[in-house]
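Below is the file upload07.txt, which contains compact mmCIF, C-alpha atoms.
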# COMPACT_ATOMS: atom_id res chain seq x y z
CA MET A 227 113.30 58.96 73.12
CA VAL A 228 110.43 60.47 75.04
CA THR A 229 109.95 63.17 72.42
CA THR A 230 109.20 60.56 69.79
CA VAL A 231 106.53 59.06 71.97
CA VAL A 232 104.93 62.48 72.51
CA SER A 233 104.91 63.27 68.82
CA THR A 234 102.97 60.11 67.98
CA MET A 235 100.26 60.68 70.61
CA SER A 236 96.70 61.69 69.78
CA GLY A 237 95.44 65.02 71.13
CA THR A 238 93.64 63.37 74.05
CA GLN A 239 96.61 61.18 74.91
CA ARG A 240 98.89 64.17 74.72
CA ASP A 241 96.69 66.19 77.12
CA ALA A 242 96.46 63.24 79.50
CA ALA A 243 100.26 62.95 79.44
CA VAL A 244 100.61 66.65 80.27
CA TRP A 245 98.21 66.38 83.21
CA GLN A 246 100.01 63.26 84.44
CA THR A 247 103.30 65.10 84.27
CA LEU A 248 101.88 68.06 86.17
CA ALA A 249 100.31 65.74 88.76
CA ARG A 250 103.83 64.55 89.61
CA VAL A 251 105.08 68.06 90.45
CA PRO A 252 104.84 68.40 94.23
CA ASP A 253 104.07 71.60 96.09
CA PRO A 254 107.53 72.50 97.44
CA GLU A 255 106.20 73.28 100.92
CA ILE A 256 103.61 70.50 101.18
CA PRO A 257 105.07 67.58 99.20
CA VAL A 258 102.02 65.41 99.92
CA LEU A 259 100.08 67.59 97.49
CA SER A 260 100.83 68.03 93.83
CA ILE A 261 100.24 71.32 92.08
CA VAL A 262 97.21 69.70 90.41
CA ASP A 263 95.81 68.63 93.82
CA LEU A 264 96.29 72.21 94.97
CA GLY A 265 94.11 73.42 92.12
CA ILE A 266 96.58 75.97 90.81
CA VAL A 267 96.85 74.52 87.30
CA ARG A 268 93.97 76.26 85.55
CA SER A 269 94.31 75.04 81.99
CA VAL A 270 96.37 73.08 79.51
CA GLU A 271 96.05 74.24 75.90
CA TRP A 272 97.82 73.93 72.62
CA GLN A 273 98.49 76.94 70.45
CA ALA A 274 99.67 75.41 67.18
CA ASP A 275 102.49 73.15 68.40
CA GLU A 276 103.18 75.11 71.58
CA LEU A 277 101.89 73.88 74.93
CA VAL A 278 100.44 76.64 77.14
CA VAL A 279 99.99 75.82 80.82
CA THR A 280 98.14 78.41 82.87
CA VAL A 281 98.78 78.60 86.57
CA THR A 282 97.21 80.78 89.27
CA PRO A 283 99.19 81.73 92.39
CA THR A 284 97.83 80.75 95.81
CA TYR A 285 98.71 83.91 97.73
CA SER A 286 100.04 87.00 95.93
CA GLY A 287 103.25 86.98 97.95
CA CYS A 288 103.78 83.24 98.14
CA PRO A 289 107.53 82.76 97.76
CA ALA A 290 106.98 79.26 96.39
CA THR A 291 105.32 80.54 93.21
CA GLU A 292 108.56 81.13 91.30
CA LEU A 293 109.96 77.78 92.40
CA ILE A 294 106.75 76.05 91.31
CA MET A 295 106.96 77.70 87.90
CA SER A 296 110.51 76.50 87.36
CA ASP A 297 109.62 73.00 88.63
CA ILE A 298 106.77 72.86 86.09
CA GLY A 299 109.05 73.97 83.29
CA ARG A 300 111.62 71.29 84.17
CA ALA A 301 109.01 68.54 84.50
CA LEU A 302 107.43 69.39 81.14
CA ALA A 303 110.79 69.54 79.38
CA SER A 304 111.90 66.20 80.75
CA ALA A 305 108.58 64.60 79.75
CA GLY A 306 109.18 65.66 76.16
CA PHE A 307 107.16 68.86 76.11
CA ALA A 308 110.10 71.10 75.33
CA LYS A 309 108.07 73.70 73.48
CA HIS A 310 105.92 75.14 76.22
CA ARG A 311 104.96 78.44 77.73
CA LEU A 312 103.77 79.10 81.29
CA GLU A 313 101.23 81.79 81.95
CA ILE A 314 99.96 83.28 85.19
CA ARG A 315 96.27 84.00 85.56
CA LEU A 316 94.89 85.91 88.55
CA SER A 317 91.18 85.61 87.99
CA PRO A 318 89.23 83.86 89.37
CA ALA A 319 91.32 84.09 92.53
CA TRP A 320 92.57 80.79 93.91
CA THR A 321 90.48 79.19 96.63
CA THR A 322 91.07 76.16 98.83
CA ASP A 323 87.72 74.89 97.53
CA TRP A 324 89.74 73.72 94.51
CA ILE A 325 91.62 71.18 96.62
CA ALA A 326 89.86 67.89 95.88
CA ALA A 327 88.32 65.83 98.71
CA GLU A 328 90.79 63.01 98.13
CA ALA A 329 93.72 65.42 98.44
CA GLN A 330 92.20 66.93 101.58
CA ALA A 331 92.15 63.46 103.14
CA ARG A 332 95.83 63.05 102.25
CA LEU A 333 96.60 66.37 103.95
CA ALA A 334 94.95 65.14 107.16
CA ASP A 335 96.98 61.89 107.00
CA TYR A 336 100.09 64.00 106.63
CA GLY A 337 99.23 65.88 109.85
CA ILE A 338 97.83 69.09 108.38
CA ALA A 339 94.19 69.84 109.18
CA PRO A 340 92.53 70.33 105.77
CA PRO A 341 90.59 73.49 104.93
CA GLY A 342 87.32 71.70 104.15
CA VAL A 343 84.97 73.23 101.64
CA LYS A 344 83.29 76.53 102.18
CA ALA A 345 81.02 78.55 99.97
CA VAL A 346 83.23 81.06 98.21
CA SER A 347 82.11 84.48 99.31
CA THR A 348 81.98 86.90 96.45
CA THR A 349 80.67 89.77 98.53
CA HIS A 350 83.09 89.70 101.39
CA VAL A 351 82.76 93.10 103.03
CA ILE A 352 84.20 93.96 106.41
CA ASP A 353 81.65 93.12 109.06
CA ALA A 354 82.08 95.37 112.11
CA ARG A 355 80.07 93.12 114.39
CA ALA A 356 81.95 89.97 113.44
CA LEU A 357 85.29 91.74 113.86
CA SER A 358 84.49 92.97 117.34
CA ARG A 359 83.49 89.49 118.51
CA ARG A 360 86.20 87.84 120.54
CA ASP A 361 85.57 84.23 119.78
CA ARG A 362 85.45 83.70 116.07
CA GLY A 363 85.75 80.71 113.87
CA ALA A 364 84.58 77.12 114.12
CA SER A 365 86.89 74.71 115.86
CA VAL A 366 89.22 72.67 113.74
CA PRO A 367 89.52 68.90 114.32
CA CYS A 368 92.93 67.63 115.36
CA PRO A 369 94.42 65.66 112.44
CA ARG A 370 96.06 63.22 114.86
CA CYS A 371 93.39 62.27 117.40
CA GLY A 372 90.26 63.78 115.80
CA SER A 373 89.40 65.85 118.88
CA MET A 374 87.43 69.04 118.29
CA HIS A 375 88.92 70.45 121.46
CA THR A 376 91.64 72.50 119.77
CA ARG A 377 92.86 76.08 119.94
CA GLU A 378 94.42 78.57 117.58
CA VAL A 379 98.00 79.39 118.51
CA SER A 380 98.68 81.83 115.70
CA ARG A 381 96.87 82.95 112.58
CA PHE A 382 99.98 82.26 110.52
CA GLY A 383 102.03 79.09 110.50
CA SER A 384 105.01 77.86 108.56
CA THR A 385 103.63 79.25 105.28
CA PRO A 386 101.10 82.00 104.47
CA CYS A 387 98.44 79.39 103.69
CA LYS A 388 98.52 77.77 107.12
CA ALA A 389 97.65 78.70 110.71
CA GLN A 390 99.12 77.14 113.85
CA TYR A 391 96.84 75.17 116.11
CA ALA A 392 97.29 72.90 119.11
CA CYS A 393 95.14 70.05 120.37
CA ASN A 394 93.99 70.37 123.98
CA ASP A 395 93.49 66.60 124.27
CA CYS A 396 96.53 64.97 122.68
CA LEU A 397 98.54 68.17 123.20
CA GLU A 398 100.11 68.00 119.75
CA PRO A 399 100.62 71.20 117.80
CA PHE A 400 99.48 71.06 114.17
CA ASP A 401 99.15 73.16 111.05
CA TYR A 402 95.73 74.11 109.71
CA PHE A 403 95.40 74.83 105.99
CA LYS A 404 93.28 77.98 106.14
CA PRO A 405 90.08 78.09 104.08
CA HIS A 406 90.77 80.81 101.56
CA MET B 1461 88.59 107.30 78.79
CA VAL B 1462 90.93 107.81 81.70
CA SER B 1463 94.35 108.93 80.59
CA ASP B 1464 97.13 106.41 81.09
CA ARG B 1465 99.15 108.96 83.05
CA ILE B 1466 96.38 109.32 85.61
CA LEU B 1467 95.90 105.57 85.83
CA PHE B 1468 99.67 105.13 86.29
CA ASP B 1469 99.67 107.60 89.17
CA TYR B 1470 96.72 105.83 90.77
CA LEU B 1471 98.38 102.42 90.50
CA LEU B 1472 101.51 103.79 92.17
CA ARG B 1473 99.41 104.97 95.10
CA LEU B 1474 98.08 101.45 95.55
CA ALA B 1475 101.47 99.84 95.13
CA ASP B 1476 103.43 102.27 97.30
CA SER B 1477 101.22 101.93 100.38
CA ASP B 1478 101.55 98.14 100.15
CA LEU B 1479 105.31 98.28 99.58
CA VAL B 1480 106.14 100.73 102.37
CA LEU B 1481 104.04 98.85 104.93
CA ALA B 1482 105.59 95.55 103.80
CA GLN B 1483 109.03 97.06 104.39
CA ARG B 1484 108.01 98.33 107.85
CA LEU B 1485 106.68 94.88 108.78
CA GLY B 1486 109.90 93.34 107.51
CA GLU B 1487 111.77 95.37 110.14
CA TRP B 1488 110.15 93.11 112.74
CA VAL B 1489 111.97 90.03 111.44
CA GLY B 1490 113.85 88.59 114.39
CA HIS B 1491 112.41 91.21 116.77
CA GLY B 1492 108.81 89.99 117.25
CA PRO B 1493 107.63 89.57 120.85
CA ALA B 1494 107.12 85.85 120.18
CA LEU B 1495 108.11 83.56 117.34
CA GLU B 1496 104.49 83.24 116.18
CA GLU B 1497 104.14 86.99 115.98
CA ASP B 1498 107.39 87.35 114.12
CA ILE B 1499 106.11 84.85 111.56
CA ALA B 1500 102.66 86.40 111.34
CA LEU B 1501 103.91 89.94 110.78
CA THR B 1502 106.31 88.90 108.09
CA ASN B 1503 103.65 86.79 106.40
CA ILE B 1504 101.38 89.82 106.26
CA GLY B 1505 104.31 91.81 104.92
CA LEU B 1506 104.78 89.13 102.28
CA ASP B 1507 101.14 89.36 101.21
CA LEU B 1508 101.48 93.13 100.89
CA LEU B 1509 104.72 92.82 98.96
CA GLY B 1510 103.07 90.35 96.57
CA GLN B 1511 100.19 92.75 96.07
CA ALA B 1512 102.60 95.66 95.53
CA ARG B 1513 104.33 93.65 92.81
CA LEU B 1514 101.05 93.01 91.00
CA TRP B 1515 100.26 96.75 91.05
CA PHE B 1516 103.81 97.73 90.01
CA ALA B 1517 103.83 95.25 87.14
CA TYR B 1518 100.58 96.70 85.86
CA ALA B 1519 101.79 100.28 86.43
CA GLY B 1520 104.89 99.54 84.34
CA GLU B 1521 102.73 98.26 81.48
CA VAL B 1522 100.52 101.33 81.65
CA GLU B 1523 103.60 103.58 81.69
CA SER B 1524 104.86 101.99 78.48
CA ARG B 1525 101.76 103.33 76.72
CA PHE B 1526 102.85 106.95 77.18
CA GLU B 1527 106.61 106.66 77.69
CA GLU B 1528 109.18 105.00 75.50
CA THR B 1529 109.42 102.13 77.98
CA GLY B 1530 107.57 101.22 81.12
CA ARG B 1531 109.66 100.73 84.23
CA SER B 1532 110.09 97.30 85.81
CA GLU B 1533 108.76 96.42 89.26
CA ASP B 1534 112.28 96.78 90.66
CA ALA B 1535 112.89 100.14 88.99
CA LEU B 1536 109.65 101.49 90.42
CA ALA B 1537 110.38 100.17 93.90
CA PHE B 1538 114.08 100.92 94.17
CA SER B 1539 114.86 103.85 91.88
CA ARG B 1540 112.39 106.49 92.96
CA ASP B 1541 113.04 109.04 95.70
CA SER B 1542 110.69 109.86 98.54
CA GLY B 1543 109.07 112.78 96.68
CA GLU B 1544 107.94 110.33 94.01
CA PHE B 1545 106.33 107.92 96.45
CA ARG B 1546 102.54 108.05 96.65
CA ASN B 1547 101.83 106.00 99.77
CA VAL B 1548 99.64 107.27 102.59
CA LEU B 1549 101.58 108.77 105.51
CA LEU B 1550 100.19 106.21 107.96
CA VAL B 1551 102.21 103.29 106.59
CA GLU B 1552 105.59 105.04 106.82
CA GLN B 1553 105.22 105.75 110.55
CA PRO B 1554 107.78 103.89 112.68
CA ASN B 1555 107.02 100.49 114.18
CA GLY B 1556 107.33 101.79 117.77
CA SER B 1557 105.95 99.32 120.30
CA TYR B 1558 103.76 96.37 119.38
CA ALA B 1559 100.72 98.54 120.16
CA ASP B 1560 101.93 101.17 117.67
CA THR B 1561 102.50 98.53 114.98
CA MET B 1562 99.09 96.98 115.56
CA ALA B 1563 97.21 100.29 115.67
CA ARG B 1564 98.84 101.30 112.37
CA GLN B 1565 98.01 97.90 110.90
CA PHE B 1566 94.40 97.98 112.05
CA PHE B 1567 93.70 101.47 110.67
CA PHE B 1568 95.30 100.48 107.38
CA ASP B 1569 93.75 97.01 107.11
CA VAL B 1570 90.18 98.26 107.51
CA TRP B 1571 90.75 100.96 104.88
CA HIS B 1572 92.60 98.56 102.59
CA GLY B 1573 89.81 95.98 102.79
CA LEU B 1574 87.15 98.56 101.95
CA LEU B 1575 89.24 100.04 99.14
CA LEU B 1576 89.84 96.64 97.53
CA ALA B 1577 86.16 95.72 97.89
CA GLY B 1578 85.40 98.89 95.93
CA LEU B 1579 88.01 98.09 93.28
CA VAL B 1580 86.64 94.60 92.67
CA GLY B 1581 83.90 96.27 90.65
CA SER B 1582 86.36 98.42 88.68
CA HIS B 1583 85.73 98.77 84.95
CA ASP B 1584 89.46 98.20 84.51
CA ALA B 1585 89.55 94.40 84.32
CA ARG B 1586 93.16 94.07 85.45
CA ALA B 1587 92.65 96.28 88.52
CA ALA B 1588 89.50 94.33 89.35
CA GLU B 1589 91.25 90.97 89.28
CA ILE B 1590 94.21 92.15 91.36
CA ALA B 1591 91.76 93.61 93.90
CA ALA B 1592 89.72 90.38 94.01
CA LYS B 1593 92.82 88.39 94.82
CA ALA B 1594 94.24 90.86 97.35
CA ARG B 1595 90.94 91.32 99.15
CA LYS B 1596 90.84 87.70 100.25
CA GLU B 1597 94.23 88.11 101.89
CA VAL B 1598 93.33 91.41 103.52
CA ALA B 1599 90.15 89.92 105.06
CA TYR B 1600 92.50 87.83 107.15
CA HIS B 1601 94.80 90.73 108.01
CA VAL B 1602 91.98 92.82 109.39
CA GLU B 1603 90.70 89.99 111.59
CA ARG B 1604 94.13 89.60 113.06
CA SER B 1605 94.79 93.26 113.74
CA ALA B 1606 91.29 93.70 115.24
CA ASP B 1607 92.06 90.78 117.57
CA TRP B 1608 95.22 92.49 118.77
CA LEU B 1609 93.50 95.80 119.37
CA ILE B 1610 90.96 94.04 121.57
CA ARG B 1611 93.55 91.91 123.30
CA LEU B 1612 95.87 94.80 124.16
CA GLY B 1613 93.16 97.43 124.66
CA ASP B 1614 91.18 95.23 127.03
CA GLY B 1615 94.29 93.70 128.58
CA THR B 1616 96.37 94.99 131.47
CA ASP B 1617 96.53 98.63 132.57
CA GLU B 1618 99.91 98.87 130.84
CA SER B 1619 98.77 97.36 127.53
CA HIS B 1620 95.59 99.46 127.57
CA ALA B 1621 97.53 102.67 128.15
CA ARG B 1622 99.99 101.87 125.39
CA MET B 1623 97.29 100.92 122.91
CA GLN B 1624 95.32 104.07 123.67
CA ALA B 1625 98.48 106.16 123.21
CA ALA B 1626 99.16 104.44 119.88
CA ILE B 1627 95.60 105.10 118.67
CA ASP B 1628 95.86 108.76 119.74
CA ASP B 1629 99.28 109.26 118.12
CA LEU B 1630 98.34 107.72 114.77
CA TRP B 1631 94.88 109.21 114.49
CA MET B 1632 96.07 112.30 112.61
CA TYR B 1633 97.33 110.09 109.76
CA THR B 1634 93.94 108.50 109.12
CA GLY B 1635 92.07 111.43 107.57
CA GLU B 1636 94.25 111.49 104.46
CA MET B 1637 93.06 108.02 103.44
CA PHE B 1638 89.63 109.41 102.57
CA GLU B 1639 90.67 112.55 100.74
CA THR B 1640 89.88 112.68 97.07
CA ASP B 1641 91.85 114.72 94.59
CA ASP B 1642 91.57 115.15 90.82
CA THR B 1643 93.15 111.77 90.16
CA ASP B 1644 90.71 109.99 92.45
CA ARG B 1645 87.76 111.85 91.02
CA ALA B 1646 88.74 111.20 87.42
CA LEU B 1647 89.07 107.48 88.09
CA ALA B 1648 85.95 107.26 90.25
CA ASP B 1649 83.96 109.03 87.51
CA GLU B 1650 85.04 106.40 85.00
CA GLN B 1651 84.28 103.65 87.54
CA VAL B 1652 87.89 102.56 87.38
CA GLY B 1653 88.89 103.80 90.83
CA CYS B 1654 87.15 103.71 94.17
CA ASP B 1655 85.43 106.71 95.76
CA LEU B 1656 87.65 107.14 98.84
CA PHE B 1657 85.37 109.68 100.48
CA ALA B 1658 82.59 107.10 100.54
CA LEU B 1659 84.83 104.74 102.54
CA ALA B 1660 85.08 107.12 105.50
CA GLN B 1661 81.79 106.15 107.10
CA PRO B 1662 82.11 102.36 106.83
CA TRP B 1663 85.72 102.66 108.05
CA ARG B 1664 84.61 104.64 111.05
CA GLU B 1665 81.85 102.15 111.87
CA VAL B 1666 84.32 99.27 111.99
CA VAL B 1667 86.88 101.30 113.96
CA ASP B 1668 84.26 102.42 116.47
CA ALA B 1669 82.95 98.88 116.99
CA VAL B 1670 86.39 97.39 117.54
CA LEU B 1671 87.66 100.24 119.74
CA THR B 1672 84.53 99.99 121.89
CA GLU B 1673 85.03 96.25 122.35
CA ALA B 1674 88.68 96.98 123.16
CA THR B 1675 87.59 99.51 125.86
CA LEU B 1676 89.51 102.20 123.96
CA SER B 1677 88.25 105.66 123.18
CA VAL B 1678 88.06 107.15 119.74
CA PRO B 1679 90.26 110.26 119.61
CA LYS B 1680 88.47 113.60 119.42
CA ALA B 1681 91.31 115.43 117.68
CA ALA B 1682 90.23 116.78 114.31
CA PHE B 1683 93.57 117.90 112.87
CA MET B 1684 94.72 115.59 110.08
CA GLN B 1685 98.09 115.36 108.33
CA ARG B 1686 98.01 115.04 104.58
CA GLY B 1687 100.26 114.98 101.54
CA GLY B 1688 101.49 111.41 101.10
CA ARG B 1689 99.69 110.80 97.86
CA ARG B 1690 101.22 113.88 96.27
CA GLY B 1691 104.71 113.04 97.49
CA ALA B 1692 104.88 115.25 100.61
CA HIS B 1693 106.00 112.76 103.24
CA THR B 1694 107.01 112.73 106.88
CA GLU B 1695 110.74 112.50 107.59
CA HIS B 1696 110.38 108.77 108.20
CA LEU B 1697 109.94 107.72 104.59
CA GLY B 1698 113.47 108.75 103.59
CA HIS B 1699 114.88 106.44 106.25
CA VAL B 1700 112.67 103.56 105.14
CA LEU B 1701 113.83 104.03 101.55
CA ALA B 1702 117.49 104.36 102.55
CA THR B 1703 117.34 100.87 104.06
CA MET B 1704 115.18 99.38 101.34
CA GLN B 1705 116.96 100.89 98.34
CA TRP B 1706 120.57 100.90 99.46
CA LEU B 1707 121.56 97.55 98.03
CA PRO B 1708 120.07 97.83 94.54
CA ARG B 1709 121.32 101.41 94.23
CA SER B 1710 124.85 100.64 95.41
CA HIS B 1711 125.08 97.45 93.38
CA PRO B 1712 122.85 97.96 90.35
CA GLY B 1713 121.73 94.70 88.81
CA ALA B 1714 122.81 92.64 91.83
CA GLN B 1715 121.30 89.14 91.86
CA TRP B 1716 120.94 86.55 94.60
How would this structure read if it were set down as structure tokens?
Amino acid sequence: MVTTVVSTMSGTQRDAAVWQTLARVPDPEIPVLSIVDLGIVRSVEWQADELVVTVTPTYSGCPATELIMSDIGRALASAGFAKHRLEIRLSPAWTTDWIAAEAQARLADYGIAPPGVKAVSTTHVIDARALSRRDRGASVPCPRCGSMHTREVSRFGSTPCKAQYACNDCLEPFDYFKPH
Amino acid sequence: MVSDRILFDYLLRLADSDLVLAQRLGEWVGHGPALEEDIALTNIGLDLLGQARLWFAYAGEVESRFEETGRSEDALAFSRDSGEFRNVLLVEQPNGSYADTMARQFFFDVWHGLLLAGLVGSHDARAAEIAAKARKEVAYHVERSADWLIRLGDGTDESHARMQAAIDDLWMYTGEMFETDDTDRALADEQVGCDLFALAQPWREVVDAVLTEATLSVPKAAFMQRGGRRGAHTEHLGHVLATMQWLPRSHPGAQW
């Protein structure tokens, strides 16, 4: 029985087992990333004998959030962590900077241009001059051929976290995980 | 200390503007001028709906401090009538043409971004964290709607004329966004809410810059409609609510 194994683990082993379990829960829209890769698991704690996993949503309206929460609950229960509670934390707000470099490389292999790492702006005010410029934004490398000669097709793609791009050289359309 | 009743009212204002605009954007599903636009508009609607839910959930908790129970997100969204809605009049205006939808979105997005930037520093920790999250999403919305204003305004004669007409028609709904009443003042004094009056100038600077780039003129008309935040709405809101609320009111407790 899995539960027996869990009950004999040390605290560190138990935490490692929880993180391993969570690292096997895929993002439902981007299965090449786990929810741990995505950076949405904020903490794993024990309150007496209850496991508390804290998760932060990517976008406020992301329809995958509820599915992710139920996937986490199922994965924990089947790994022997039946007594658990899931909490949502909003602050600090999720950023793509929390997607690890190794996971970003996997995204590119999968055909999604990764967001890269940007300094998180804490004082983002609306800049009139930037808004009235027509040509904004650095170009995004094509995940298939590496060309920088790409164009934005639409600011939103198949999910709220992605934009649609196309490569002018290899002509392939691709998704771009927006820096957020 | 700000009274919970005042805070509740303020949270409904934030939630209702998000919800009503989300519903309006949802009307574009399957009707967008191109598939990409259909997807983009509904994604923005989804962001706004998510933000509305965060505000409603908090409002319900605040309500439970002075009523026997606080209402759920669904009860707040689906069981109030138009006179109880606190959204600004701008967001309930019909979708019209794509120029009308984009002009409405642009005016709202700039205001929304400035409002949330102000709320990030709120002394109410929960409001501050919701604002911090929402602001990142809205930064993207405003870039997109500004792009469309420029593209249509500085496009063909037809698109320019339509965009100018949309700007002119909606202008009278913009003044209300910067009006402050007792609720706003009470919350601004406690550094919980944002001083709306102070947003007027930065809003105007952004609008002027983008309209100029779009070769559009800023309307001269000074008359402004008002009343949304005290529940006096245009006739359009009732129709929006009829569509949005019909199912949960006809089939209470219905589940997918």
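Note that CA of Arg1686 (chain B) and CA of Gly1635 (chain B) are 7.6 Å apart.
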Find the residues around Ser286 (chain A) up to 10 Å (only C-alpha atoms counted), leave out those fewer than 2 positions away in its own chain, and share them as an mmCIF file with C-alpha atoms, keeping the file's coordinate frame.
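Once written, result_7.cif looks like this:
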data_model
loop_
_atom_site.group_PDB
_atom_site.id
_atom_site.type_symbol
_atom_site.label_atom_id
_atom_site.label_comp_id
_atom_site.auth_asym_id
_atom_site.auth_seq_id
_atom_site.Cartn_x
_atom_site.Cartn_y
_atom_site.Cartn_z
ATOM 1 C CA THR A 282 97.210 80.780 89.270
ATOM 2 C CA PRO A 283 99.190 81.730 92.390
ATOM 3 C CA THR A 284 97.830 80.750 95.810
ATOM 4 C CA CYS A 288 103.780 83.240 98.140
ATOM 5 C CA PRO A 289 107.530 82.760 97.760
ATOM 6 C CA THR A 291 105.320 80.540 93.210
ATOM 7 C CA LEU A 316 94.890 85.910 88.550
ATOM 8 C CA ALA A 319 91.320 84.090 92.530
ATOM 9 C CA TRP A 320 92.570 80.790 93.910
ATOM 10 C CA PRO A 386 101.100 82.000 104.470
ATOM 11 C CA LEU B 1506 104.780 89.130 102.280
ATOM 12 C CA ASP B 1507 101.140 89.360 101.210
ATOM 13 C CA LEU B 1508 101.480 93.130 100.890
ATOM 14 C CA LEU B 1509 104.720 92.820 98.960
ATOM 15 C CA GLY B 1510 103.070 90.350 96.570
ATOM 16 C CA GLN B 1511 100.190 92.750 96.070
ATOM 17 C CA ALA B 1512 102.600 95.660 95.530
ATOM 18 C CA ARG B 1513 104.330 93.650 92.810
ATOM 19 C CA LEU B 1514 101.050 93.010 91.000
ATOM 20 C CA ILE B 1590 94.210 92.150 91.360
ATOM 21 C CA LYS B 1593 92.820 88.390 94.820
ATOM 22 C CA ALA B 1594 94.240 90.860 97.350
ATOM 23 C CA GLU B 1597 94.230 88.110 101.890
#
(request) Between CA of Val267 (chain A) and CA of Leu333 (chain A), measure the distance and give it in Å to one decimal. (result)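 Result for CA of Val267 (chain A) versus CA of Leu333 (chain A): 18.5 Å, one decimal.
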(request) Would you please work out which residue, of B:Ser1605, B:Ser1582, B:Ser1532, B:Thr1694, is nearest to chain A when using only C-alpha atoms? (result)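 Of all the options, B:Ser1605 lies closest to chain A.
A straight line drawn from CA of Leu1697 (chain B) to CA of Gly1490 (chain B) is 21.8 Å long.
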(request) Residues of chain A near chain B: apply a cut-off of 9 Å, count all atoms listed in the file, and supply the list as an NGL selection string. (result) :A and (285-289 or 316-320 or 348-360 or 379-386 or 390 or 406)
All residues 10 Å or closer to Leu1481 (chain B), all atoms listed in the file, same chain fewer than 6 positions away omitted, as a short mmCIF file (atom, residue, chain, number, x, y, z; two decimals) with C-alpha atoms, in the coordinates of the input:
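Saved as result-v4.cif:
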data_model
loop_
_atom_site.label_atom_id
_atom_site.label_comp_id
_atom_site.auth_asym_id
_atom_site.auth_seq_id
_atom_site.Cartn_x
_atom_site.Cartn_y
_atom_site.Cartn_z
CA GLU B 1487 111.77 95.37 110.14
CA ILE B 1504 101.38 89.82 106.26
CA GLY B 1505 104.31 91.81 104.92
CA LEU B 1508 101.48 93.13 100.89
CA LEU B 1509 104.72 92.82 98.96
CA ASN B 1547 101.83 106.00 99.77
CA VAL B 1548 99.64 107.27 102.59
CA LEU B 1550 100.19 106.21 107.96
CA VAL B 1551 102.21 103.29 106.59
CA GLU B 1552 105.59 105.04 106.82
CA GLN B 1553 105.22 105.75 110.55
CA PRO B 1554 107.78 103.89 112.68
CA ASN B 1555 107.02 100.49 114.18
CA ARG B 1564 98.84 101.30 112.37
CA GLN B 1565 98.01 97.90 110.90
CA PHE B 1568 95.30 100.48 107.38
CA VAL B 1700 112.67 103.56 105.14
#
(message) List the spatial neighbours of Val278 (chain A) as a ChimeraX atom specification - criterion: any atom at most 12 Å away, only C-alpha atoms, same-chain residues fewer than 3 positions off excluded.
(response) /A:241,244,267-275,281,298-299,302,307-315
(request) Go through B:Met1562, B:Ala1660, B:Ala1714, B:Ile1466 one by one, measure the shortest atom-to-atom distance of each to Thr1634 (chain B) using only C-alpha atoms, and give the residue with the smallest value. (result)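 That would be B:Ala1660, the residue with the smallest distance to Thr1634 (chain B).
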Add whatever atoms are absent from region 395-405 of chain A to reach N, CA and C atoms, and provide the output as a PDB file, in the frame of the given file.
ATOM      1  N   ASP A 395      93.577  67.965 123.745  1.00  0.00           N
ATOM      2  CA  ASP A 395      93.490  66.600 124.270  1.00  0.00           C
ATOM      3  C   ASP A 395      94.792  65.840 124.110  1.00  0.00           C
ATOM      4  N   CYS A 396      95.271  65.718 122.851  1.00  0.00           N
ATOM      5  CA  CYS A 396      96.530  64.970 122.680  1.00  0.00           C
ATOM      6  C   CYS A 396      97.746  65.884 122.811  1.00  0.00           C
ATOM      7  N   LEU A 397      97.498  67.176 122.942  1.00  0.00           N
ATOM      8  CA  LEU A 397      98.540  68.170 123.200  1.00  0.00           C
ATOM      9  C   LEU A 397      99.503  68.412 122.046  1.00  0.00           C
ATOM     10  N   GLU A 398      99.221  67.811 120.893  1.00  0.00           N
ATOM     11  CA  GLU A 398     100.110  68.000 119.750  1.00  0.00           C
ATOM     12  C   GLU A 398      99.812  69.322 119.042  1.00  0.00           C
ATOM     13  N   PRO A 399     100.853  70.033 118.664  1.00  0.00           N
ATOM     14  CA  PRO A 399     100.620  71.200 117.800  1.00  0.00           C
ATOM     15  C   PRO A 399     100.398  70.713 116.356  1.00  0.00           C
ATOM     16  N   PHE A 400      99.640  71.452 115.579  1.00  0.00           N
ATOM     17  CA  PHE A 400      99.480  71.060 114.170  1.00  0.00           C
ATOM     18  C   PHE A 400      99.222  72.287 113.307  1.00  0.00           C
ATOM     19  N   ASP A 401      99.430  72.111 112.016  1.00  0.00           N
ATOM     20  CA  ASP A 401      99.150  73.160 111.050  1.00  0.00           C
ATOM     21  C   ASP A 401      97.709  72.994 110.549  1.00  0.00           C
ATOM     22  N   TYR A 402      97.088  74.114 110.268  1.00  0.00           N
ATOM     23  CA  TYR A 402      95.730  74.110 109.710  1.00  0.00           C
ATOM     24  C   TYR A 402      95.792  74.876 108.396  1.00  0.00           C
ATOM     25  N   PHE A 403      95.422  74.193 107.327  1.00  0.00           N
ATOM     26  CA  PHE A 403      95.400  74.830 105.990  1.00  0.00           C
ATOM     27  C   PHE A 403      94.166  75.736 105.994  1.00  0.00           C
ATOM     28  N   LYS A 404      94.392  77.047 105.964  1.00  0.00           N
ATOM     29  CA  LYS A 404      93.280  77.980 106.140  1.00  0.00           C
ATOM     30  C   LYS A 404      92.321  77.963 104.941  1.00  0.00           C
ATOM     31  N   PRO A 405      91.014  77.955 105.215  1.00  0.00           N
ATOM     32  CA  PRO A 405      90.080  78.090 104.080  1.00  0.00           C
ATOM     33  C   PRO A 405      90.292  79.470 103.476  1.00  0.00           C
TER      34      PRO A 405
END
